[in-house]
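Source file: target_15.tsv (TSV, C-alpha atoms and all ligand atoms)
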```tsv
chain	number	residue	atom	x	y	z
A	1	MET	CA	-3.90	33.58	23.73
A	2	ALA	CA	-0.58	35.31	22.96
A	3	SER	CA	-0.61	37.19	19.68
A	4	VAL	CA	1.61	35.84	16.94
A	5	ALA	CA	3.78	37.71	14.48
A	6	ARG	CA	2.95	35.68	11.38
A	7	LYS	CA	-0.25	34.05	10.30
A	8	PHE	CA	-1.40	31.90	7.38
A	9	THR	CA	-4.77	32.95	5.99
A	10	GLY	CA	-5.55	30.15	3.49
A	11	ASN	CA	-8.35	27.61	3.85
A	12	PHE	CA	-7.35	23.98	4.48
A	13	THR	CA	-10.56	22.58	2.99
A	14	GLN	CA	-10.49	24.69	-0.19
A	15	GLN	CA	-9.78	22.60	-3.29
A	16	GLU	CA	-9.01	24.07	-6.67
A	17	GLY	CA	-11.92	25.03	-8.89
A	18	LEU	CA	-12.70	22.65	-11.75
A	19	SER	CA	-11.13	23.25	-15.16
A	20	ALA	CA	-12.97	24.84	-18.07
A	21	ASP	CA	-13.00	21.38	-19.75
A	22	ALA	CA	-14.74	19.79	-16.79
A	23	ILE	CA	-17.26	22.61	-16.56
A	24	ALA	CA	-18.03	22.38	-20.30
A	25	ALA	CA	-18.48	18.60	-20.03
A	26	ALA	CA	-20.83	19.08	-17.08
A	27	VAL	CA	-22.89	21.66	-18.96
A	28	ALA	CA	-23.18	19.31	-21.96
A	29	VAL	CA	-24.54	16.54	-19.72
A	30	LEU	CA	-27.00	18.93	-18.08
A	31	GLN	CA	-28.20	20.13	-21.47
A	32	SER	CA	-28.69	16.55	-22.66
A	33	GLY	CA	-30.92	15.74	-19.69
A	34	ARG	CA	-29.47	12.22	-19.68
A	35	LEU	CA	-27.89	12.11	-16.22
A	36	HIS	CA	-28.55	8.46	-15.40
A	37	ARG	CA	-25.71	6.24	-16.55
A	38	TYR	CA	-28.01	3.91	-18.49
A	39	ASN	CA	-30.01	6.71	-20.11
A	40	LEU	CA	-28.17	6.78	-23.43
A	41	ALA	CA	-29.04	8.06	-26.89
A	42	PRO	CA	-28.75	5.46	-29.71
A	43	GLY	CA	-25.08	4.66	-30.23
A	44	GLU	CA	-23.97	6.75	-27.24
A	45	VAL	CA	-21.36	5.17	-24.94
A	46	GLY	CA	-21.96	7.52	-22.03
A	47	GLU	CA	-19.67	9.46	-19.71
A	48	VAL	CA	-19.66	6.81	-16.98
A	49	ALA	CA	-18.69	3.95	-19.30
A	50	GLN	CA	-15.95	6.08	-20.86
A	51	LEU	CA	-14.63	7.05	-17.43
A	52	GLU	CA	-14.57	3.39	-16.36
A	53	ALA	CA	-12.54	2.42	-19.42
A	54	GLU	CA	-10.13	5.33	-18.91
A	55	TYR	CA	-9.65	4.61	-15.22
A	56	ARG	CA	-9.11	0.90	-15.94
A	57	ASP	CA	-6.39	1.81	-18.44
A	58	TRP	CA	-4.76	4.32	-16.11
A	59	GLN	CA	-4.86	1.92	-13.16
A	60	GLY	CA	-3.72	-1.05	-15.21
A	61	SER	CA	-6.48	-3.34	-13.92
A	62	LYS	CA	-8.68	-5.60	-16.05
A	63	PHE	CA	-12.01	-4.22	-14.84
A	64	CYS	CA	-13.32	-0.99	-13.34
A	65	LEU	CA	-16.72	-0.07	-11.92
A	66	ALA	CA	-17.69	3.52	-11.03
A	67	VAL	CA	-19.92	3.93	-7.97
A	68	THR	CA	-21.44	6.59	-5.72
A	69	SER	CA	-18.70	6.70	-3.09
A	70	GLY	CA	-15.54	5.10	-1.80
A	71	GLY	CA	-17.49	3.77	1.17
A	72	GLN	CA	-20.00	2.08	-1.17
A	73	ALA	CA	-17.09	0.60	-3.13
A	74	LEU	CA	-15.83	-0.93	0.14
A	75	GLN	CA	-19.23	-2.43	1.00
A	76	ILE	CA	-19.68	-3.78	-2.51
A	77	ALA	CA	-16.17	-5.25	-2.46
A	78	LEU	CA	-16.86	-7.00	0.86
A	79	ARG	CA	-20.15	-8.42	-0.46
A	80	ALA	CA	-18.58	-9.41	-3.78
A	81	CYS	CA	-15.92	-11.31	-1.80
A	82	ASP	CA	-18.70	-13.22	0.00
A	83	VAL	CA	-18.35	-11.56	3.40
A	84	ALA	CA	-21.51	-12.52	5.30
A	85	PRO	CA	-23.05	-11.25	8.56
A	86	GLY	CA	-21.04	-12.44	11.55
A	87	ASP	CA	-17.84	-12.97	9.55
A	88	LYS	CA	-14.64	-11.46	10.88
A	89	VAL	CA	-12.76	-8.95	8.72
A	90	LEU	CA	-9.25	-7.79	9.55
A	91	THR	CA	-8.50	-4.09	9.21
A	92	ASN	CA	-6.15	-1.34	10.41
A	93	ALA	CA	-6.80	0.03	13.90
A	94	TYR	CA	-5.69	3.41	12.52
A	95	THR	CA	-7.94	4.50	9.68
A	96	LEU	CA	-11.02	6.63	9.05
A	97	ALA	CA	-14.57	5.71	9.99
A	98	PRO	CA	-15.81	4.56	6.52
A	99	VAL	CA	-13.54	1.51	6.80
A	100	PRO	CA	-14.90	-0.05	10.01
A	101	GLY	CA	-18.23	1.43	8.90
A	102	ALA	CA	-18.28	-0.64	5.69
A	103	ILE	CA	-17.44	-3.79	7.66
A	104	ARG	CA	-20.29	-3.08	10.07
A	105	ALA	CA	-22.66	-2.20	7.23
A	106	VAL	CA	-22.38	-5.71	5.81
A	107	GLY	CA	-22.95	-7.16	9.28
A	108	ALA	CA	-19.38	-8.31	9.74
A	109	GLU	CA	-17.09	-7.79	12.72
A	110	ALA	CA	-13.85	-5.82	12.47
A	111	VAL	CA	-10.70	-7.40	13.90
A	112	LEU	CA	-8.24	-4.55	14.38
A	113	VAL	CA	-4.56	-4.85	13.50
A	114	GLU	CA	-1.82	-2.66	14.99
A	115	ILE	CA	0.23	-0.13	13.05
A	116	ASP	CA	3.90	0.79	13.33
A	117	GLU	CA	5.52	4.17	13.95
A	118	ASN	CA	5.48	4.95	10.24
A	119	LEU	CA	1.69	4.38	10.19
A	120	ARG	CA	1.84	1.16	8.20
A	121	LEU	CA	0.09	-2.08	9.12
A	122	ASP	CA	2.20	-4.12	11.56
A	123	LEU	CA	2.67	-7.33	9.59
A	124	ASP	CA	3.69	-9.41	12.62
A	125	ASP	CA	0.46	-8.42	14.33
A	126	LEU	CA	-1.42	-9.19	11.11
A	127	ASP	CA	0.07	-12.68	11.09
A	128	ALA	CA	-0.91	-13.18	14.74
A	129	LYS	CA	-4.46	-11.84	14.23
A	130	ILE	CA	-5.04	-14.03	11.17
A	131	ALA	CA	-4.16	-17.02	13.33
A	132	SER	CA	-6.15	-15.96	16.41
A	133	SER	CA	-9.29	-14.70	14.62
A	134	GLY	CA	-9.63	-17.14	11.75
A	135	ALA	CA	-10.66	-14.17	9.56
A	136	ARG	CA	-10.44	-14.87	5.83
A	137	VAL	CA	-10.61	-11.27	4.55
A	138	LEU	CA	-8.36	-8.25	5.13
A	139	LEU	CA	-9.71	-4.80	4.34
A	140	LEU	CA	-6.36	-3.04	4.11
A	141	SER	CA	-6.47	0.73	4.51
A	142	HIS	CA	-3.47	2.47	2.97
A	143	MET	CA	-4.14	5.15	5.53
A	144	ARG	CA	-2.80	8.59	4.60
A	145	GLY	CA	-0.96	7.08	1.66
A	146	HIS	CA	1.50	4.95	3.64
A	147	LEU	CA	1.96	1.55	2.00
A	148	CYS	CA	3.21	-1.38	4.04
A	149	ASP	CA	5.64	-3.88	2.51
A	150	MET	CA	3.16	-5.13	-0.11
A	151	GLU	CA	5.18	-8.18	-1.09
A	152	ARG	CA	5.44	-9.42	2.47
A	153	LEU	CA	1.80	-8.58	3.12
A	154	MET	CA	0.66	-10.58	0.09
A	155	ALA	CA	2.93	-13.49	1.03
A	156	ILE	CA	1.37	-13.62	4.51
A	157	CYS	CA	-2.18	-13.36	3.17
A	158	ASP	CA	-1.68	-15.79	0.30
A	159	ALA	CA	-0.15	-18.38	2.63
A	160	ALA	CA	-3.16	-18.08	4.96
A	161	GLN	CA	-5.68	-17.84	2.08
A	162	VAL	CA	-6.79	-14.42	3.24
A	163	THR	CA	-8.48	-12.32	0.54
A	164	VAL	CA	-7.10	-8.78	0.41
A	165	ILE	CA	-9.32	-5.80	-0.37
A	166	GLU	CA	-7.28	-2.61	-0.76
A	167	ASP	CA	-8.76	0.67	0.42
A	168	CYS	CA	-6.92	3.11	-1.85
A	169	ALA	CA	-8.83	6.24	-0.81
A	170	HIS	CA	-5.44	7.86	-0.06
A	171	THR	CA	-3.24	6.04	-2.57
A	172	MET	CA	-4.78	6.71	-5.95
A	173	GLY	CA	-1.62	6.96	-8.06
A	174	ALA	CA	0.82	5.60	-5.47
A	175	ARG	CA	3.11	2.68	-6.28
A	176	TRP	CA	5.08	-0.03	-4.47
A	177	LYS	CA	8.18	-1.07	-6.45
A	178	GLY	CA	6.59	0.40	-9.55
A	179	ARG	CA	3.29	-1.45	-9.22
A	180	ARG	CA	0.21	0.64	-8.58
A	181	SER	CA	-1.46	0.52	-5.21
A	182	GLY	CA	-4.70	-1.37	-5.79
A	183	ASN	CA	-3.15	-3.98	-8.08
A	184	PHE	CA	-1.96	-6.28	-5.28
A	185	GLY	CA	-5.14	-7.55	-3.64
A	186	LYS	CA	-8.25	-9.16	-5.11
A	187	VAL	CA	-10.19	-5.88	-5.27
A	188	ALA	CA	-9.33	-2.22	-4.80
A	189	CYS	CA	-11.57	0.68	-3.81
A	190	PHE	CA	-11.01	4.36	-4.59
A	191	SER	CA	-12.83	7.54	-3.65
A	192	THR	CA	-13.46	10.63	-5.75
A	193	GLN	CA	-14.94	12.54	-2.84
A	194	THR	CA	-13.88	16.20	-2.66
A	195	TYR	CA	-10.93	15.68	-0.30
A	196	LYS	CA	-9.30	12.84	-2.27
A	197	HIS	CA	-7.20	12.85	-5.44
A	198	MET	CA	-10.06	13.59	-7.82
A	199	ASN	CA	-13.11	15.65	-6.92
A	200	SER	CA	-16.67	14.83	-7.95
A	201	GLY	CA	-18.19	15.78	-4.61
A	202	GLU	CA	-18.95	12.13	-3.97
A	203	GLY	CA	-17.92	9.12	-6.01
A	204	GLY	CA	-15.66	6.09	-6.20
A	205	PHE	CA	-14.23	3.21	-8.20
A	206	LEU	CA	-13.79	-0.47	-7.68
A	207	THR	CA	-11.10	-2.25	-9.70
A	208	THR	CA	-10.24	-5.93	-9.98
A	209	ASP	CA	-8.70	-8.48	-12.33
A	210	ALA	CA	-11.27	-11.14	-11.40
A	211	ALA	CA	-14.20	-11.34	-13.85
A	212	ALA	CA	-16.49	-13.01	-11.30
A	213	ILE	CA	-15.85	-10.27	-8.73
A	214	ALA	CA	-16.38	-7.55	-11.35
A	215	ALA	CA	-19.69	-9.10	-12.40
A	216	ARG	CA	-20.91	-9.48	-8.81
A	217	ALA	CA	-19.85	-5.91	-7.98
A	218	THR	CA	-21.62	-4.53	-11.05
A	219	ILE	CA	-24.93	-6.20	-10.16
A	220	LEU	CA	-24.50	-5.11	-6.52
A	221	SER	CA	-23.96	-1.52	-7.69
A	222	GLY	CA	-27.47	-1.52	-9.15
A	223	SER	CA	-26.93	-2.30	-12.82
A	224	TYR	CA	-30.23	-4.24	-13.12
A	225	MET	CA	-29.78	-6.27	-16.34
A	226	LEU	CA	-28.10	-3.35	-18.12
A	227	TYR	CA	-24.56	-4.43	-17.30
A	228	GLU	CA	-23.60	-4.60	-20.95
A	229	ARG	CA	-23.67	-0.80	-20.96
A	230	HIS	CA	-20.58	-0.73	-18.73
A	231	GLY	CA	-17.28	0.51	-20.05
A	232	ALA	CA	-14.81	-1.79	-18.35
A	233	GLY	CA	-16.75	-4.84	-17.20
A	234	PRO	CA	-16.34	-8.54	-17.97
A	235	GLU	CA	-17.97	-10.51	-20.79
A	236	PRO	CA	-21.71	-11.23	-20.42
A	237	GLU	CA	-20.96	-14.89	-19.54
A	238	ALA	CA	-19.36	-13.73	-16.28
A	239	TYR	CA	-22.83	-12.65	-15.09
A	240	ALA	CA	-24.41	-16.12	-15.38
A	241	ASP	CA	-24.83	-16.50	-11.60
A	242	ALA	CA	-24.24	-12.95	-10.39
A	243	ARG	CA	-27.38	-11.65	-12.14
A	244	TYR	CA	-29.51	-13.93	-9.94
A	245	ASP	CA	-27.38	-14.13	-6.80
A	246	MET	CA	-26.50	-10.51	-6.06
A	247	PRO	CA	-28.89	-7.99	-4.48
A	248	ASN	CA	-29.21	-4.53	-6.04
A	249	CYS	CA	-27.67	-2.04	-3.63
A	250	SER	CA	-28.22	1.05	-5.85
A	251	ALA	CA	-24.84	2.76	-5.79
A	252	ARG	CA	-24.38	3.84	-9.40
A	253	MET	CA	-22.30	6.78	-10.54
A	254	ASP	CA	-24.17	9.32	-12.68
A	255	ALA	CA	-23.13	10.99	-15.93
A	256	LEU	CA	-22.60	14.42	-14.39
A	257	ARG	CA	-19.96	13.25	-11.96
A	258	ALA	CA	-18.29	11.09	-14.59
A	259	ALA	CA	-18.14	14.06	-16.96
A	260	ILE	CA	-16.23	16.18	-14.44
A	261	LEU	CA	-13.92	13.30	-13.47
A	262	ARG	CA	-12.67	12.50	-16.98
A	263	PRO	CA	-10.67	15.73	-17.41
A	264	GLN	CA	-9.39	15.35	-13.84
A	265	LEU	CA	-8.08	11.87	-14.62
A	266	ALA	CA	-6.18	13.34	-17.55
A	267	ALA	CA	-4.56	15.84	-15.12
A	268	LEU	CA	-3.94	13.39	-12.28
A	269	ASP	CA	-0.27	12.65	-12.95
A	270	THR	CA	0.48	16.37	-13.10
A	271	ASN	CA	-1.38	16.92	-9.84
A	272	ILE	CA	0.47	14.09	-8.13
A	273	ALA	CA	3.75	15.86	-8.94
A	274	ARG	CA	2.31	19.11	-7.58
A	275	TRP	CA	1.28	17.42	-4.30
A	276	ASN	CA	4.67	15.81	-3.94
A	277	ALA	CA	6.49	19.13	-4.39
A	278	ARG	CA	4.36	20.59	-1.57
A	279	TYR	CA	4.86	17.53	0.61
A	280	ALA	CA	8.65	17.63	0.18
A	281	LEU	CA	8.80	21.28	1.22
A	282	VAL	CA	6.86	20.72	4.43
A	283	GLU	CA	8.57	17.42	5.17
A	284	ASN	CA	12.08	18.89	4.86
A	285	ARG	CA	11.32	21.73	7.24
A	286	LEU	CA	9.63	19.49	9.82
A	287	GLU	CA	12.54	17.05	9.71
A	288	ALA	CA	14.88	19.81	10.87
A	289	GLN	CA	12.73	20.65	13.91
A	290	ASP	CA	13.67	19.31	17.35
A	291	GLY	CA	11.05	17.03	18.83
A	292	VAL	CA	9.30	16.29	15.53
A	293	ALA	CA	9.32	12.72	14.21
A	294	THR	CA	8.42	12.69	10.53
A	295	ILE	CA	7.01	9.62	8.81
A	296	LYS	CA	9.67	7.68	6.89
A	297	LEU	CA	8.72	6.91	3.31
A	298	PRO	CA	10.30	3.63	2.16
A	299	SER	CA	12.34	3.81	-1.03
A	300	ALA	CA	10.07	1.15	-2.60
A	301	GLU	CA	7.10	3.50	-2.26
A	302	ALA	CA	6.08	6.18	-4.76
A	303	HIS	CA	3.98	8.25	-2.39
A	304	VAL	CA	1.24	10.78	-3.18
A	305	GLY	CA	1.63	13.58	-0.64
A	306	SER	CA	-1.88	15.02	-0.55
A	307	SER	CA	-1.62	15.22	3.23
A	308	ILE	CA	1.23	15.06	5.73
A	309	GLN	CA	1.61	13.45	9.15
A	310	PHE	CA	4.15	13.85	11.94
A	311	ARG	CA	4.52	12.82	15.57
A	312	LEU	CA	5.69	14.63	18.69
A	313	PRO	CA	6.80	11.55	20.66
A	314	GLY	CA	8.02	13.41	23.72
A	315	PHE	CA	4.86	15.48	24.17
A	316	THR	CA	2.10	14.94	26.72
A	317	ALA	CA	-1.58	15.12	25.74
A	318	GLY	CA	-1.70	18.63	27.21
A	319	GLN	CA	1.26	19.70	25.09
A	320	CYS	CA	-0.30	18.17	21.98
A	321	ARG	CA	-3.47	20.15	22.61
A	322	ALA	CA	-1.34	23.28	23.10
A	323	VAL	CA	0.36	22.64	19.73
A	324	LEU	CA	-3.07	22.43	18.06
A	325	GLU	CA	-3.97	25.77	19.60
A	326	ALA	CA	-0.64	27.44	18.85
A	327	ALA	CA	-0.90	26.28	15.22
A	328	ALA	CA	-4.52	27.41	14.98
A	329	ALA	CA	-3.51	30.84	16.32
A	330	ARG	CA	-1.16	30.98	13.33
A	331	GLY	CA	-3.93	30.00	10.90
A	332	VAL	CA	-2.69	26.41	10.53
A	333	GLU	CA	-5.37	23.75	10.86
A	334	LEU	CA	-3.79	20.59	12.25
A	335	LYS	CA	-5.68	17.43	13.16
A	336	TRP	CA	-4.64	15.44	16.20
A	337	PHE	CA	-5.39	11.72	16.41
A	338	GLY	CA	-4.82	11.61	20.18
A	339	ALA	CA	-7.97	13.49	21.13
A	340	LYS	CA	-10.44	11.66	23.39
A	341	GLU	CA	-13.45	12.74	21.35
A	342	PRO	CA	-13.86	12.32	17.57
A	343	ALA	CA	-13.70	15.66	15.72
A	344	GLY	CA	-14.30	16.53	12.08
A	345	PHE	CA	-13.15	13.64	9.88
A	346	THR	CA	-10.82	12.34	12.61
A	347	SER	CA	-11.65	9.55	15.04
A	348	ALA	CA	-9.86	6.79	16.92
A	349	HIS	CA	-10.94	3.16	17.31
A	350	PRO	CA	-12.27	3.51	20.90
A	351	SER	CA	-15.01	5.82	19.59
A	352	TRP	CA	-16.24	3.22	17.05
A	353	ARG	CA	-18.81	1.64	19.38
A	354	TYR	CA	-20.12	-0.54	16.53
A	355	VAL	CA	-16.80	-2.39	16.60
A	356	PRO	CA	-16.09	-4.74	19.54
A	357	ALA	CA	-13.63	-2.95	21.87
A	358	GLN	CA	-10.07	-4.18	21.33
A	359	ASN	CA	-6.83	-3.57	23.13
A	360	MET	CA	-4.44	-1.83	20.71
A	361	PRO	CA	-1.52	-0.56	22.82
A	362	ALA	CA	0.94	0.14	19.97
A	363	THR	CA	-1.61	1.99	17.84
A	364	ASP	CA	-2.85	3.98	20.84
A	365	ARG	CA	0.70	5.02	21.76
A	366	ILE	CA	1.46	6.13	18.19
A	367	MET	CA	-1.84	7.96	17.68
A	368	ALA	CA	-1.48	9.76	21.03
A	369	THR	CA	1.06	12.18	19.54
A	370	LEU	CA	0.12	11.94	15.85
A	371	PHE	CA	-0.74	15.04	13.82
A	372	ASP	CA	-2.17	15.29	10.35
A	373	MET	CA	-2.63	18.10	7.86
A	374	ARG	CA	-4.10	18.40	4.37
A	375	LEU	CA	-2.06	19.87	1.54
A	376	PRO	CA	-4.70	21.10	-0.92
A	377	LEU	CA	-3.43	22.15	-4.34
A	378	SER	CA	-5.03	25.54	-3.75
A	379	PHE	CA	-1.94	26.22	-1.58
A	380	SER	CA	1.13	27.48	-3.42
A	381	GLU	CA	4.60	26.15	-2.63
A	382	ASP	CA	5.28	29.42	-0.79
A	383	ASP	CA	2.15	28.84	1.28
A	384	CYS	CA	3.46	25.38	2.17
A	385	ALA	CA	6.87	26.74	3.18
A	386	LEU	CA	5.16	29.29	5.43
A	387	ILE	CA	2.86	26.64	6.94
A	388	ALA	CA	5.84	24.41	7.76
A	389	GLU	CA	7.60	27.36	9.40
A	390	LEU	CA	4.52	28.16	11.47
A	391	ILE	CA	4.12	24.54	12.62
A	392	CYS	CA	7.74	24.54	13.77
A	393	GLU	CA	7.16	27.83	15.58
A	394	ALA	CA	4.11	26.37	17.33
A	395	VAL	CA	6.00	23.21	18.34
A	396	GLY	CA	8.94	25.29	19.55
A	397	GLU	CA	6.69	27.56	21.60
A	398	VAL	CA	5.04	24.62	23.39
A	399	ALA	CA	8.35	22.82	23.97
A	400	SER	CA	10.05	25.86	25.52
B	501	LIG	C1	-12.64	8.94	2.32
B	501	LIG	C2	-12.27	7.58	2.73
B	501	LIG	C3	-13.03	6.47	2.38
B	501	LIG	C4	-14.40	6.54	1.76
B	501	LIG	O1	-14.59	7.42	0.78
B	501	LIG	P1	-16.01	8.18	0.57
B	501	LIG	O2	-15.98	8.40	-0.89
B	501	LIG	O3	-15.98	9.39	1.39
B	501	LIG	O4	-17.08	7.21	0.97
B	501	LIG	C5	-12.56	5.22	2.70
B	501	LIG	N1	-11.40	5.06	3.35
B	501	LIG	C6	-10.65	6.10	3.75
B	501	LIG	C7	-9.38	5.83	4.46
B	501	LIG	C8	-11.07	7.39	3.47
B	501	LIG	O5	-10.34	8.43	3.88
```

Could you spell out this file's structure in structure tokens?
Amino acid sequence: MASVARKFTGNFTQQEGLSADAIAAAVAVLQSGRLHRYNLAPGEVGEVAQLEAEYRDWQGSKFCLAVTSGGQALQIALRACDVAPGDKVLTNAYTLAPVPGAIRAVGAEAVLVEIDENLRLDLDDLDAKIASSGARVLLLSHMRGHLCDMERLMAICDAAQVTVIEDCAHTMGARWKGRRSGNFGKVACFSTQTYKHMNSGEGGFLTTDAAAIAARATILSGSYMLYERHGAGPEPEAYADARYDMPNCSARMDALRAAILRPQLAALDTNIARWNARYALVENRLEAQDGVATIKLPSAEAHVGSSIQFRLPGFTAGQCRAVLEAAAARGVELKWFGAKEPAGFTSAHPSWRYVPAQNMPATDRIMATLFDMRLPLSFSEDDCALIAELICEAVGEVAS
């Protein structure tokens, strides 16, 4: 490989260390020995219950349940919405494996919906697939933070009586016309896994305004009959049937993770602004580069730029692979969604063998030249400017 003049030396999977507040809160939980969310001293509310109440208030939902992971939140949401084995569930053809994985885990069958060039769900295809599949649930992935027209989406789904579950793993904090992502559908699921907008290693939230769904989800999460110890759940009457009907799927959040998430929630708005400053820097440079198609952010969307995507529409698969290599030689770790084999966190629908094979020509064409990169807050704005420059250099080298 030709040697390059400039190289970035940062680590694309390195998040920031946790704050002194978060570390102190974690130490206090460890010293108490009470790590289980229901293991409370007399009069103690508990870290998990406090986190649930704080996230509910921040999100602006009626109820919030903390769980072990975003993927578990998705499974619980599907079960709480009565998805049964053999049912069909609509979802994006372009997303990450936990989404079709959750559908499969509850025994349901994913019906894939196309995306458009700006990576949003294709609402015409959604309309057509609702009609052709008869599916009554949409698990909508706001993949990489790109929101589709949420008003039109809800109008289509409401008219067809399709229940919407929002996968907000990439849109914690994003808004559509001022309304938070997650507050459109029946239920929303969030992840606090290390690479998302808050970092507890693993973890997640489920939010909803429906008391019955919140009660079912809480029992599903493994509350036993201790659901009154929750911080942002419905009144005890809401559990009248759920406490007998719902199986315990043991997916509770523990006090240690909640303790380190609470200070992060307090810093989330600040961090969103920091991500967006980094995103804008990279975006502006990429926009100026010949051959690069950036992803258009609609003016109705308040985006959270914790990662960035772009396409190279004129490039062959060989050229895309060469761009990956030229960027890697410069220390820039790009992901490419056009690869034949799944790699790292990245996979394409043909490699999900647990989903019936489906013909998705538009999605395949878009993903064939689609690149993706994380923007961890451990990178400075100068780092981001250099990274953007190096990507453009790599693209230019392959194009010439
Ligand atoms: C990370 C992720 C999830 C699941 O989150 P985990 O907490 O890792 O289970 C769901 N959907 C998408 C799109 C994700 O990227």

Which residues form the shell of 9 Å around ligand LIG 501 (chain B) when you count all atoms listed in the file, given as a ChimeraX atom specification? /A:68-74,95-99,102,141-145,167-170,189-196,201-204,345

Of the residues A:Val355, A:Val113, A:Cys81, A:Ala280, which is the one nearest to Lys186 in chain A, using only C-alpha atoms? A:Cys81

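The interatomic distance for the pair CA of Ser200 in chain A and CA of Arg257 in chain A works out to 5.4 Å.
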
So that I can see what lies close to Ala238 in chain A, please list as a ChimeraX atom specification the residues with an atom at most 12 Å from it, counting all atoms listed in the file and leaving out residues fewer than 5 positions away in the same chain. /A:210-219,227-228,233,243-244

So, with all atoms listed in the file as the atoms that count, which of A:Leu139, A:Asp127, A:Arg180, A:Asp122 lies closest to Ile103 in chain A?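 With all atoms listed in the file as the atom set, the closest residue is A:Leu139.
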
Excluding Phe310 in chain A and any residue of its chain fewer than 2 positions from it, enumerate the residues within 7 Å of it, using all atoms listed in the file, and give them as a ChimeraX atom specification. /A:292-295,308,312,370-372

Could you take the residues named above and write them with C-alpha atoms, as a PDB file, keeping the file's coordinate frame?
```
ATOM      1  CA  VAL A 292       9.300  16.290  15.530  1.00  0.00           C
ATOM      2  CA  ALA A 293       9.320  12.720  14.210  1.00  0.00           C
ATOM      3  CA  THR A 294       8.420  12.690  10.530  1.00  0.00           C
ATOM      4  CA  ILE A 295       7.010   9.620   8.810  1.00  0.00           C
ATOM      5  CA  ILE A 308       1.230  15.060   5.730  1.00  0.00           C
ATOM      6  CA  LEU A 312       5.690  14.630  18.690  1.00  0.00           C
ATOM      7  CA  LEU A 370       0.120  11.940  15.850  1.00  0.00           C
ATOM      8  CA  PHE A 371      -0.740  15.040  13.820  1.00  0.00           C
ATOM      9  CA  ASP A 372      -2.170  15.290  10.350  1.00  0.00           C
TER      10      ASP A 372
END
```

Find, counting all atoms listed in the file, the residue in A:Gly46, A:Gly331, A:Pro356, A:Gly86 that gets nearest to His230 in chain A.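 The answer is A:Gly46, which sits nearest to His230 in chain A.
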
So that I can check the surroundings of Trp352 in chain A, please list as a list in words every protein, DNA and RNA residue that reaches within 10 Å of it, counting all atoms listed in the file and ignoring chain neighbours fewer than 4 positions away. Ala97, Pro100, Gly101, Pro342, Ser347, Ala348, Pro356 and Ala357 of chain A

Work out how far apart CA of Gly134 in chain A and CA of Ala188 in chain A are and give it in Å to one decimal.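 Here the two named atoms are 22.3 Å from each other.
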
Which neighbours of Met360 in chain A fall inside 9 Å, counting all atoms listed in the file, when residues of the same chain fewer than 5 positions from it are skipped, and could you give them as JSON, numbers by chain? {"A": [93, 112, 113, 114, 349, 365]}

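Using all atoms listed in the file for every distance, the candidate list A:Val29, A:Leu297, A:Ala84, A:Ala22 yields A:Leu297 as the residue closest to His146 in chain A.
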
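Taking CA of Leu138 in chain A and CA of Val164 in chain A as the two end points, the separation is 4.9 Å.
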
Using only C-alpha atoms, pick whichever of A:Glu287, A:Glu381, A:Glu44, A:Glu301 has the shortest atom-to-atom distance to Cys148 in chain A. A:Glu301

Nearest-residue call for Leu377 in chain A, choices A:Asp254, A:Glu54, A:Glu16, A:Asp290, using all atoms listed in the file: A:Glu16

I want to know what sits within 10 Å of Leu334 in chain A, based on all atoms listed in the file, with residues of the same chain fewer than 5 positions away left out; could you give that as a compact mmCIF listing (two decimals) with C-alpha atoms, in the coordinates of the input?
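File around.txt, as written:
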```
# COMPACT_ATOMS: atom_id res chain seq x y z
CA PHE A 12 -7.35 23.98 4.48
CA ILE A 308 1.23 15.06 5.73
CA GLN A 309 1.61 13.45 9.15
CA VAL A 323 0.36 22.64 19.73
CA LEU A 324 -3.07 22.43 18.06
CA GLU A 325 -3.97 25.77 19.60
CA ALA A 327 -0.90 26.28 15.22
CA ALA A 328 -4.52 27.41 14.98
CA PHE A 371 -0.74 15.04 13.82
CA ASP A 372 -2.17 15.29 10.35
CA MET A 373 -2.63 18.10 7.86
CA ARG A 374 -4.10 18.40 4.37
CA ILE A 391 4.12 24.54 12.62
```

Spatial sel., origin (14.1, 22.6, 17.4), limit 9 Å, only C-alpha atoms, listed as a PyMOL selection string: chain A and resi 288-292+392-393+395-396+399
